[in-house]
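my_file00.txt follows; it contains compact mmCIF, C-alpha atoms and all ligand atoms.
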# COMPACT_ATOMS: atom_id res chain seq x y z
CA MET A 1 5.66 -88.91 -124.74
CA ASN A 2 5.09 -91.35 -121.93
CA TRP A 3 1.76 -92.72 -120.81
CA GLN A 4 1.50 -90.53 -117.72
CA GLU A 5 1.75 -87.43 -119.90
CA TYR A 6 -0.86 -88.81 -122.29
CA GLN A 7 -3.18 -89.50 -119.36
CA GLU A 8 -2.62 -85.94 -118.11
CA ALA A 9 -3.35 -84.52 -121.58
CA VAL A 10 -6.59 -86.51 -121.83
CA GLY A 11 -7.58 -85.12 -118.42
CA ILE A 12 -6.91 -81.56 -119.58
CA LEU A 13 -8.86 -82.21 -122.78
CA TYR A 14 -11.94 -83.20 -120.78
CA GLU A 15 -11.50 -80.36 -118.30
CA GLN A 16 -11.63 -78.01 -121.28
CA MET A 17 -14.60 -79.80 -122.85
CA ALA A 18 -16.66 -80.10 -119.70
CA GLU A 19 -18.82 -76.99 -119.65
CA PHE A 20 -20.78 -78.38 -116.79
CA GLY A 21 -20.00 -80.97 -114.16
CA VAL A 22 -16.73 -81.79 -112.47
CA VAL A 23 -13.74 -83.53 -114.03
CA SER A 24 -11.23 -85.36 -111.81
CA LYS A 25 -7.93 -86.75 -113.04
CA ASN A 26 -6.12 -89.88 -111.91
CA ILE A 27 -8.27 -90.88 -108.96
CA THR A 28 -9.32 -94.13 -107.34
CA ILE A 29 -12.89 -95.28 -106.77
CA PRO A 30 -13.76 -98.30 -104.62
CA ASP A 31 -14.89 -101.39 -106.49
CA LYS A 32 -18.61 -101.94 -105.81
CA VAL A 33 -18.05 -105.63 -105.08
CA THR A 34 -14.63 -105.92 -103.44
CA GLY A 35 -14.27 -102.40 -102.08
CA GLN A 36 -10.72 -102.26 -103.41
CA PRO A 37 -9.54 -99.03 -105.01
CA ARG A 38 -9.73 -98.97 -108.82
CA GLN A 39 -7.56 -96.52 -110.69
CA ILE A 40 -9.45 -94.13 -112.96
CA ASP A 41 -7.71 -91.92 -115.53
CA VAL A 42 -10.46 -89.30 -115.87
CA TRP A 43 -13.81 -89.16 -114.09
CA TRP A 44 -16.52 -86.74 -115.19
CA GLU A 45 -19.57 -86.22 -113.01
CA MET A 46 -22.54 -84.06 -113.88
CA ARG A 47 -25.83 -83.53 -112.19
CA LEU A 48 -28.88 -84.12 -114.37
CA GLU A 49 -32.09 -83.43 -112.48
CA ASN A 50 -32.06 -85.92 -109.62
CA HIS A 51 -29.35 -88.16 -110.99
CA THR A 52 -25.58 -87.75 -111.04
CA PHE A 53 -24.35 -88.90 -114.43
CA LYS A 54 -20.85 -90.43 -114.21
CA ILE A 55 -18.51 -90.91 -117.13
CA LEU A 56 -15.38 -93.03 -116.98
CA ILE A 57 -12.66 -91.97 -119.42
CA ASP A 58 -9.72 -94.27 -120.01
CA ALA A 59 -6.55 -93.06 -121.75
CA LYS A 60 -4.79 -95.64 -123.89
CA LYS A 61 -1.53 -94.62 -125.53
CA ARG A 62 -0.78 -97.49 -127.85
CA LYS A 63 1.48 -98.61 -130.65
CA ASP A 64 -1.09 -101.22 -131.66
CA LYS A 65 -4.80 -100.88 -132.27
CA ILE A 66 -7.26 -101.07 -129.41
CA ASP A 67 -8.61 -104.61 -129.31
CA VAL A 68 -11.87 -106.13 -128.13
CA LYS A 69 -10.13 -107.18 -124.88
CA ASP A 70 -9.37 -103.54 -124.07
CA VAL A 71 -13.00 -102.62 -124.63
CA GLU A 72 -14.24 -105.49 -122.45
CA GLU A 73 -11.80 -104.56 -119.71
CA ILE A 74 -13.07 -100.98 -119.57
CA ILE A 75 -16.71 -102.10 -119.66
CA MET A 76 -15.97 -104.27 -116.60
CA LEU A 77 -14.18 -101.38 -114.89
CA ALA A 78 -17.09 -99.03 -115.63
CA GLN A 79 -19.49 -101.53 -114.03
CA ALA A 80 -17.21 -102.00 -111.02
CA VAL A 81 -17.16 -98.26 -110.27
CA LYS A 82 -20.81 -97.70 -111.28
CA ALA A 83 -20.10 -95.39 -114.20
CA ASP A 84 -23.06 -94.58 -116.44
CA LYS A 85 -20.87 -94.34 -119.51
CA ALA A 86 -17.34 -95.26 -120.58
CA ILE A 87 -15.06 -93.67 -123.16
CA ILE A 88 -11.72 -94.97 -124.39
CA VAL A 89 -9.41 -92.26 -125.70
CA THR A 90 -6.51 -93.54 -127.78
CA ASN A 91 -3.79 -92.21 -130.07
CA ASN A 92 -4.19 -95.16 -132.40
CA GLU A 93 -7.03 -96.88 -134.24
CA TRP A 94 -9.09 -99.83 -133.07
CA THR A 95 -9.97 -103.21 -134.53
CA LYS A 96 -13.36 -104.00 -136.06
CA PRO A 97 -14.32 -106.41 -133.21
CA ALA A 98 -13.39 -103.68 -130.71
CA GLU A 99 -15.67 -101.26 -132.54
CA LEU A 100 -18.55 -103.75 -132.62
CA SER A 101 -18.17 -104.53 -128.92
CA ALA A 102 -17.95 -100.84 -128.05
CA LYS A 103 -21.09 -100.04 -130.05
CA PHE A 104 -23.02 -102.91 -128.50
CA ASN A 105 -22.05 -101.87 -124.96
CA GLY A 106 -22.52 -98.13 -125.39
CA LEU A 107 -18.82 -97.35 -124.99
CA ASP A 108 -17.36 -94.52 -127.07
CA LEU A 109 -14.01 -94.79 -128.83
CA ARG A 110 -12.21 -91.52 -129.49
CA ILE A 111 -8.98 -90.62 -131.27
CA PHE A 112 -6.68 -88.14 -129.56
CA THR A 113 -3.36 -88.01 -131.36
CA ILE A 114 0.08 -87.50 -129.83
CA ASP A 115 0.20 -84.29 -131.86
CA GLU A 116 -2.97 -83.04 -130.13
CA ALA A 117 -1.82 -84.30 -126.72
CA THR A 118 1.53 -82.51 -126.95
CA ASP A 119 -0.30 -79.33 -128.04
CA LEU A 120 -2.03 -79.37 -124.66
CA ILE A 121 0.85 -80.16 -122.33
CA VAL A 122 4.08 -78.96 -124.00
CA ASP A 123 4.47 -75.19 -123.88
CA ASP A 124 7.40 -74.68 -126.21
CA LYS A 125 6.41 -77.27 -128.81
CA TRP A 126 7.89 -76.64 -132.25
CA VAL A 127 6.78 -79.51 -134.50
CA MET A 128 5.89 -83.18 -134.21
CA CYS A 129 8.91 -85.46 -134.55
CA GLN A 130 8.82 -87.26 -137.89
CA VAL A 131 11.51 -89.69 -136.82
CA CYS A 132 9.73 -91.40 -133.91
CA ASN A 133 6.19 -89.99 -134.38
CA ASP A 134 5.85 -90.41 -130.65
CA ASP A 135 6.66 -86.96 -129.36
CA CYS A 136 7.27 -83.36 -130.30
CA VAL A 137 10.33 -81.23 -130.80
CA ILE A 138 11.11 -78.38 -128.40
CA LEU A 139 12.52 -75.24 -129.97
CA ASP A 140 15.16 -74.65 -127.35
CA SER A 141 18.29 -73.53 -129.07
CA ASN A 142 19.75 -71.03 -131.46
CA GLY A 143 23.15 -69.75 -132.26
CA PHE A 144 25.56 -67.94 -134.50
CA PHE A 145 28.81 -68.90 -136.09
CA GLU A 146 31.14 -67.07 -138.36
CA VAL A 147 32.57 -68.27 -141.64
CA ASN A 148 34.88 -66.01 -143.68
CA GLY A 149 33.54 -63.00 -141.86
CA LEU A 150 29.92 -63.89 -142.50
CA ILE A 151 27.61 -64.63 -139.66
CA ASN A 152 25.29 -67.62 -139.89
CA TRP A 153 22.28 -67.80 -137.65
CA TRP A 154 20.38 -71.01 -136.96
CA LEU A 155 17.55 -72.34 -134.82
CA GLY A 156 17.49 -75.80 -133.31
CA GLY A 157 15.31 -78.08 -131.28
CA LYS A 158 15.37 -81.58 -129.92
CA CYS A 159 12.74 -84.33 -129.86
CA ARG A 160 11.70 -85.05 -126.27
CA SER A 161 11.77 -88.81 -126.88
CA CYS A 162 14.20 -89.92 -129.58
CA LYS A 163 16.59 -86.93 -129.25
CA SER A 164 16.68 -86.22 -132.98
CA ILE A 165 17.72 -82.61 -133.52
CA TYR A 166 15.82 -80.34 -135.90
CA ILE A 167 17.80 -77.54 -137.52
CA HIS A 168 16.53 -74.45 -139.30
CA CYS A 169 19.48 -72.81 -141.04
CA GLN A 170 18.51 -69.13 -141.32
CA ASP A 171 21.04 -68.34 -144.04
CA CYS A 172 19.61 -70.68 -146.64
CA GLY A 173 16.24 -71.25 -145.03
CA ASP A 174 16.74 -74.99 -145.24
CA ARG A 175 15.45 -77.34 -142.56
CA GLY A 176 16.88 -80.70 -141.64
CA ILE A 177 17.04 -83.44 -139.06
CA ILE A 178 20.15 -84.94 -137.51
CA ASN A 179 20.73 -87.69 -134.98
CA SER A 180 23.29 -90.38 -134.22
CA GLU A 181 22.48 -92.06 -137.55
CA ILE A 182 21.63 -89.12 -139.81
CA ASP A 183 23.79 -86.20 -140.93
CA TRP A 184 22.34 -83.38 -142.95
CA LYS A 185 23.67 -80.92 -145.50
CA CYS A 186 21.87 -77.59 -145.83
CA ASN A 187 21.85 -75.49 -149.00
CA CYS A 188 24.62 -73.14 -147.79
CA PRO A 189 26.10 -75.78 -147.80
CA TYR A 190 27.15 -76.80 -144.30
CA LEU A 191 27.26 -80.28 -142.92
CA TRP A 192 25.33 -80.67 -139.66
CA LYS A 193 25.98 -83.61 -137.38
CA SER A 194 24.76 -84.77 -134.00
CA GLU A 195 27.67 -85.89 -131.88
CA ASN A 196 26.64 -87.11 -128.43
CA GLU A 197 23.46 -85.09 -128.90
CA ASN A 198 25.43 -81.93 -129.55
CA ILE A 199 25.19 -80.04 -132.81
CA CYS A 200 28.38 -79.92 -134.85
CA VAL A 201 28.61 -77.83 -138.01
CA TYR A 202 31.24 -78.49 -140.63
CA GLN A 203 32.25 -76.30 -143.48
CA TYR A 204 31.69 -77.99 -146.79
CA ASN A 205 34.82 -77.70 -148.93
CA GLU A 206 35.66 -78.87 -152.39
CA ASP A 207 39.32 -79.67 -152.89
CA ASP A 208 41.37 -79.50 -156.13
CA THR A 209 40.17 -82.85 -157.36
CA GLY A 210 36.57 -81.75 -157.00
CA GLU A 211 36.03 -84.26 -154.27
CA ILE A 212 34.07 -83.14 -151.34
CA ASN A 213 35.71 -83.41 -148.00
CA PHE A 214 35.15 -82.21 -144.52
CA ASP A 215 38.73 -81.57 -143.54
CA ASN A 216 39.46 -78.44 -141.67
CA PRO A 217 36.16 -78.69 -139.89
CA MET A 218 34.79 -75.71 -138.19
CA GLN A 219 33.12 -77.03 -135.12
CA LEU A 220 30.35 -75.61 -133.10
CA LYS A 221 29.21 -77.50 -130.05
CA ILE A 222 25.92 -76.87 -128.34
CA ASP A 223 24.93 -78.77 -125.26
CA PHE A 224 21.21 -79.51 -125.23
CA ASN A 225 21.36 -81.29 -121.91
CA GLU A 226 21.82 -78.37 -119.62
ZN ZN B 301 11.46 -88.21 -131.98
ZN ZN B 302 22.26 -73.31 -144.68
How does this structure look as structure tokens?
Ligand SMILES: [Zn+2]
Ligand SMILES: [Zn+2]
Amino acid sequence: MNWQEYQEAVGILYEQMAEFGVVSKNITIPDKVTGQPRQIDVWWEMRLENHTFKILIDAKKRKDKIDVKDVEEIIMLAQAVKADKAIIVTNNEWTKPAELSAKFNGLDLRIFTIDEATDLIVDDKWVMCQVCNDDCVILDSNGFFEVNGLINWWLGGKCRSCKSIYIHCQDCGDRGIINSEIDWKCNCPYLWKSENENICVYQYNEDDTGEINFDNPMQLKIDFNE
């Protein structure tokens, strides 16, 4: 999931939460000193008696923890656009100094995971990807193949970011993950491989010596890129 999508998901989250007031996403507000436009991820305005209460919400999709510098930066931004309150929404944790600074300055820190964010913006989400932990898997494929007159049915989906492919073999009920580095053997057993992001299934044979080989492969190619 890229940052723009995370920002969009945070906007939708606040649109859903805001029972009163108006939520705007990805806008600019002039800096009170310089007049230059400042980019705002989410802006929530509500009227309270004679005052309009303005909340600045900043989306931070991070691999590392939010640091005190991030908090200070948003406090400055909130002042520059005359927000009454600031909130940082992040997928990750924050450092202790960041927490202390946030508390002291009345800024809220909130966790909004990639799992939650993809729930909001990805319609055909299947599961979170355990390989990259950065995106979800789209259930976008299924198929049949025939072995010795028996039909096997499977479901498949691909991670939006790392392109790992998730397989649910309906014959044995087994689930597995394949990508350019990982092959997987289901309980049937078939060998599942990702070759140029296509699914290939191989019949799993034992020869006379008892050694397992994958000669005489039965191949099934599915193009996920269409
Ligand atoms: Zn992934
Ligand atoms: Zn199977």
message: Counting all atoms listed in the file, which residue out of A:Glu181, A:Asp119, A:Glu195, A:Glu93 sits closest to Val131 in chain A?
response: A:Glu181
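The nearest approach to Asp135 in chain A among the residues A:Asn187, A:Asn2, A:Asn198, A:Thr34, with only C-alpha atoms taken into account, belongs to A:Asn2.
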message: Which polymer residues, whether protein, DNA or RNA, lie within 10 Å of the coordinate (-1.9, -82.1, -127.9) when you count all atoms listed in the file? List them as JSON, numbers by chain, using the chain letters and numbers from the file.
response: {"A": [6, 9, 10, 12, 13, 112, 113, 114, 115, 116, 117, 118, 119, 120, 121, 122, 125, 135, 136]}
Selection file, C-alpha atoms, as a PDB file, in the frame of the given file:
ATOM      1  CA  TYR A   6      -0.860 -88.810-122.290  1.00  0.00           C
ATOM      2  CA  ALA A   9      -3.350 -84.520-121.580  1.00  0.00           C
ATOM      3  CA  VAL A  10      -6.590 -86.510-121.830  1.00  0.00           C
ATOM      4  CA  ILE A  12      -6.910 -81.560-119.580  1.00  0.00           C
ATOM      5  CA  LEU A  13      -8.860 -82.210-122.780  1.00  0.00           C
ATOM      6  CA  PHE A 112      -6.680 -88.140-129.560  1.00  0.00           C
ATOM      7  CA  THR A 113      -3.360 -88.010-131.360  1.00  0.00           C
ATOM      8  CA  ILE A 114       0.080 -87.500-129.830  1.00  0.00           C
ATOM      9  CA  ASP A 115       0.200 -84.290-131.860  1.00  0.00           C
ATOM     10  CA  GLU A 116      -2.970 -83.040-130.130  1.00  0.00           C
ATOM     11  CA  ALA A 117      -1.820 -84.300-126.720  1.00  0.00           C
ATOM     12  CA  THR A 118       1.530 -82.510-126.950  1.00  0.00           C
ATOM     13  CA  ASP A 119      -0.300 -79.330-128.040  1.00  0.00           C
ATOM     14  CA  LEU A 120      -2.030 -79.370-124.660  1.00  0.00           C
ATOM     15  CA  ILE A 121       0.850 -80.160-122.330  1.00  0.00           C
ATOM     16  CA  VAL A 122       4.080 -78.960-124.000  1.00  0.00           C
ATOM     17  CA  LYS A 125       6.410 -77.270-128.810  1.00  0.00           C
ATOM     18  CA  ASP A 135       6.660 -86.960-129.360  1.00  0.00           C
ATOM     19  CA  CYS A 136       7.270 -83.360-130.300  1.00  0.00           C
TER      20      CYS A 136
END
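Selection around (-8.4, -103.2, -134.1) with radius 7 Å, counting all atoms listed in the file, yields the residues A:Lys65, A:Ile66, A:Asp67, A:Glu93, A:Trp94, A:Thr95, A:Lys96, A:Pro97, A:Ala98.
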message: Here is a test: counting only C-alpha atoms, which residue of A:Asp58, A:Thr28, A:Asn196, A:Gly157 is nearest to Leu109 in chain A?
response: A:Asp58
message: As a quick test: using only C-alpha atoms and all ligand atoms, which residues lie no more than 12 Å away from ligand ZN 302 (chain B)? Give them as a VMD selection string.
response: chain A and resid 144 to 145 147 151 to 155 167 to 176 184 to 192 201 to 204
If the box runs along x, y and z of the file and leaves 3 Å on each side of range 6-15 of chain A, what are its centre and edge lengths in Å, one decimal, as lines of an AutoDock Vina configuration file?
center_x = -6.4
center_y = -84.9
center_z = -120.4
size_x = 17.1
size_y = 15.1
size_z = 10.7
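Distance annotation: of A:Asn92, A:Gln130, A:Ser180, A:Asn142, the residue with the minimal separation from Cys159 in chain A is A:Gln130; atom set is all atoms listed in the file.
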task: Could you give me, as JSON, numbers by chain, every polymer residue with an atom at most 9 Å away from an atom of ligand ZN 301 (chain B), counting all atoms listed in the file?
output: {"A": [128, 129, 130, 131, 132, 133, 134, 135, 136, 137, 158, 159, 160, 161, 162, 163, 164, 165]}
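The closest residue to Asp84 in chain A, picked from A:Thr52, A:Ser194, A:Ser101, A:Gln36 and counting all atoms listed in the file, is A:Thr52.
In this structure, CA of Asp70 in chain A sits 11.4 Å away from CA of Ile87 in chain A.
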task: Figure out the distance between CA of Lys32 in chain A and CA of Glu72 in chain A, please, to one decimal in Å.
output: 17.6 Å
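Each of A:Lys82, A:Lys103, A:Lys25, A:Lys54 was compared to Val68 in chain A using all atoms listed in the file, and A:Lys103 turns out to be the nearest.
CA of Asn91 in chain A is positioned 8.5 Å from CA of Arg110 in chain A.
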- request: For Ile29 in chain A, please output as a ChimeraX atom specification all residues within 7 Å (counting all atoms listed in the file; exclusion window: fewer than 5 positions along the same chain).
  value: /A:37-39,81
Dump of range 23-115 of chain A from preceding block, C-alpha atoms, as a PDB file, in the first residue's frame:
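Contents of the output file out-v9.pdb:
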ATOM      1  CA  VAL A  23     -14.195  16.516   6.749  1.00  0.00           C
ATOM      2  CA  SER A  24     -12.011  17.506   3.781  1.00  0.00           C
ATOM      3  CA  LYS A  25      -9.277  15.323   2.337  1.00  0.00           C
ATOM      4  CA  ASN A  26      -5.971  16.374   0.819  1.00  0.00           C
ATOM      5  CA  ILE A  27      -6.424  20.126   0.726  1.00  0.00           C
ATOM      6  CA  THR A  28      -4.177  23.155   1.056  1.00  0.00           C
ATOM      7  CA  ILE A  29      -4.588  25.956   3.574  1.00  0.00           C
ATOM      8  CA  PRO A  30      -2.579  29.186   3.395  1.00  0.00           C
ATOM      9  CA  ASP A  31       0.153  29.584   5.980  1.00  0.00           C
ATOM     10  CA  LYS A  32      -0.877  32.327   8.430  1.00  0.00           C
ATOM     11  CA  VAL A  33       2.546  33.974   8.203  1.00  0.00           C
ATOM     12  CA  THR A  34       3.786  33.444   4.645  1.00  0.00           C
ATOM     13  CA  GLY A  35       0.470  32.932   2.885  1.00  0.00           C
ATOM     14  CA  GLN A  36       1.931  29.945   1.046  1.00  0.00           C
ATOM     15  CA  PRO A  37      -0.254  26.881   0.611  1.00  0.00           C
ATOM     16  CA  ARG A  38       0.342  24.115   3.165  1.00  0.00           C
ATOM     17  CA  GLN A  39      -0.712  20.594   2.300  1.00  0.00           C
ATOM     18  CA  ILE A  40      -3.165  19.027   4.739  1.00  0.00           C
ATOM     19  CA  ASP A  41      -4.033  15.312   4.679  1.00  0.00           C
ATOM     20  CA  VAL A  42      -7.376  15.562   6.489  1.00  0.00           C
ATOM     21  CA  TRP A  43      -9.104  18.663   7.843  1.00  0.00           C
ATOM     22  CA  TRP A  44     -12.109  18.392  10.138  1.00  0.00           C
ATOM     23  CA  GLU A  45     -14.140  21.483  10.948  1.00  0.00           C
ATOM     24  CA  MET A  46     -17.049  21.629  13.343  1.00  0.00           C
ATOM     25  CA  ARG A  47     -19.086  24.481  14.634  1.00  0.00           C
ATOM     26  CA  LEU A  48     -19.286  24.743  18.420  1.00  0.00           C
ATOM     27  CA  GLU A  49     -21.476  27.637  19.495  1.00  0.00           C
ATOM     28  CA  ASN A  50     -19.748  30.707  18.094  1.00  0.00           C
ATOM     29  CA  HIS A  51     -16.438  29.066  17.335  1.00  0.00           C
ATOM     30  CA  THR A  52     -15.378  26.819  14.464  1.00  0.00           C
ATOM     31  CA  PHE A  53     -13.231  24.050  15.914  1.00  0.00           C
ATOM     32  CA  LYS A  54     -10.579  22.892  13.422  1.00  0.00           C
ATOM     33  CA  ILE A  55      -8.708  19.615  13.611  1.00  0.00           C
ATOM     34  CA  LEU A  56      -5.638  18.830  11.548  1.00  0.00           C
ATOM     35  CA  ILE A  57      -5.114  15.126  10.875  1.00  0.00           C
ATOM     36  CA  ASP A  58      -1.813  13.960   9.465  1.00  0.00           C
ATOM     37  CA  ALA A  59      -1.385  10.472   7.980  1.00  0.00           C
ATOM     38  CA  LYS A  60       2.018   8.890   8.484  1.00  0.00           C
ATOM     39  CA  LYS A  61       2.629   5.505   6.907  1.00  0.00           C
ATOM     40  CA  ARG A  62       5.952   4.458   8.340  1.00  0.00           C
ATOM     41  CA  LYS A  63       8.344   1.562   8.630  1.00  0.00           C
ATOM     42  CA  ASP A  64       9.935   3.206  11.660  1.00  0.00           C
ATOM     43  CA  LYS A  65       8.347   4.638  14.768  1.00  0.00           C
ATOM     44  CA  ILE A  66       7.053   8.193  14.821  1.00  0.00           C
ATOM     45  CA  ASP A  67       9.746  10.348  16.400  1.00  0.00           C
ATOM     46  CA  VAL A  68       9.671  13.586  18.366  1.00  0.00           C
ATOM     47  CA  LYS A  69      10.671  15.463  15.173  1.00  0.00           C
ATOM     48  CA  ASP A  70       7.493  14.266  13.434  1.00  0.00           C
ATOM     49  CA  VAL A  71       5.403  15.482  16.355  1.00  0.00           C
ATOM     50  CA  GLU A  72       7.122  18.876  16.405  1.00  0.00           C
ATOM     51  CA  GLU A  73       6.689  19.238  12.658  1.00  0.00           C
ATOM     52  CA  ILE A  74       2.933  18.665  12.886  1.00  0.00           C
ATOM     53  CA  ILE A  75       2.594  21.012  15.865  1.00  0.00           C
ATOM     54  CA  MET A  76       4.266  23.720  13.744  1.00  0.00           C
ATOM     55  CA  LEU A  77       1.992  22.920  10.807  1.00  0.00           C
ATOM     56  CA  ALA A  78      -1.088  23.063  13.043  1.00  0.00           C
ATOM     57  CA  GLN A  79      -0.024  26.514  14.260  1.00  0.00           C
ATOM     58  CA  ALA A  80       0.692  27.697  10.717  1.00  0.00           C
ATOM     59  CA  VAL A  81      -2.825  26.814   9.538  1.00  0.00           C
ATOM     60  CA  LYS A  82      -4.511  27.827  12.814  1.00  0.00           C
ATOM     61  CA  ALA A  83      -5.791  24.384  13.736  1.00  0.00           C
ATOM     62  CA  ASP A  84      -7.219  24.011  17.234  1.00  0.00           C
ATOM     63  CA  LYS A  85      -6.034  20.440  17.514  1.00  0.00           C
ATOM     64  CA  ALA A  86      -3.671  18.063  15.706  1.00  0.00           C
ATOM     65  CA  ILE A  87      -3.769  14.290  15.362  1.00  0.00           C
ATOM     66  CA  ILE A  88      -1.099  12.043  13.874  1.00  0.00           C
ATOM     67  CA  VAL A  89      -2.449   8.773  12.499  1.00  0.00           C
ATOM     68  CA  THR A  90       0.196   6.126  11.876  1.00  0.00           C
ATOM     69  CA  ASN A  91       0.448   2.436  11.068  1.00  0.00           C
ATOM     70  CA  ASN A  92       3.409   2.034  13.378  1.00  0.00           C
ATOM     71  CA  GLU A  93       4.252   2.862  16.987  1.00  0.00           C
ATOM     72  CA  TRP A  94       5.937   5.982  18.306  1.00  0.00           C
ATOM     73  CA  THR A  95       8.947   6.661  20.498  1.00  0.00           C
ATOM     74  CA  LYS A  96       8.674   7.667  24.157  1.00  0.00           C
ATOM     75  CA  PRO A  97       9.966  11.232  23.485  1.00  0.00           C
ATOM     76  CA  ALA A  98       7.366  11.551  20.707  1.00  0.00           C
ATOM     77  CA  GLU A  99       4.655  10.506  23.154  1.00  0.00           C
ATOM     78  CA  LEU A 100       5.849  12.972  25.809  1.00  0.00           C
ATOM     79  CA  SER A 101       6.001  15.819  23.302  1.00  0.00           C
ATOM     80  CA  ALA A 102       2.566  14.945  21.928  1.00  0.00           C
ATOM     81  CA  LYS A 103       1.043  14.862  25.413  1.00  0.00           C
ATOM     82  CA  PHE A 104       2.628  18.160  26.383  1.00  0.00           C
ATOM     83  CA  ASN A 105       1.383  19.873  23.211  1.00  0.00           C
ATOM     84  CA  GLY A 106      -2.106  18.384  23.172  1.00  0.00           C
ATOM     85  CA  LEU A 107      -1.493  16.370  20.005  1.00  0.00           C
ATOM     86  CA  ASP A 108      -3.121  12.944  19.733  1.00  0.00           C
ATOM     87  CA  LEU A 109      -1.293   9.905  18.393  1.00  0.00           C
ATOM     88  CA  ARG A 110      -3.456   7.190  16.884  1.00  0.00           C
ATOM     89  CA  ILE A 111      -2.722   3.755  15.433  1.00  0.00           C
ATOM     90  CA  PHE A 112      -4.433   2.836  12.185  1.00  0.00           C
ATOM     91  CA  THR A 113      -2.959  -0.372  10.820  1.00  0.00           C
ATOM     92  CA  ILE A 114      -2.414  -1.293   7.172  1.00  0.00           C
ATOM     93  CA  ASP A 115      -4.905  -4.102   7.805  1.00  0.00           C
TER      94      ASP A 115
END
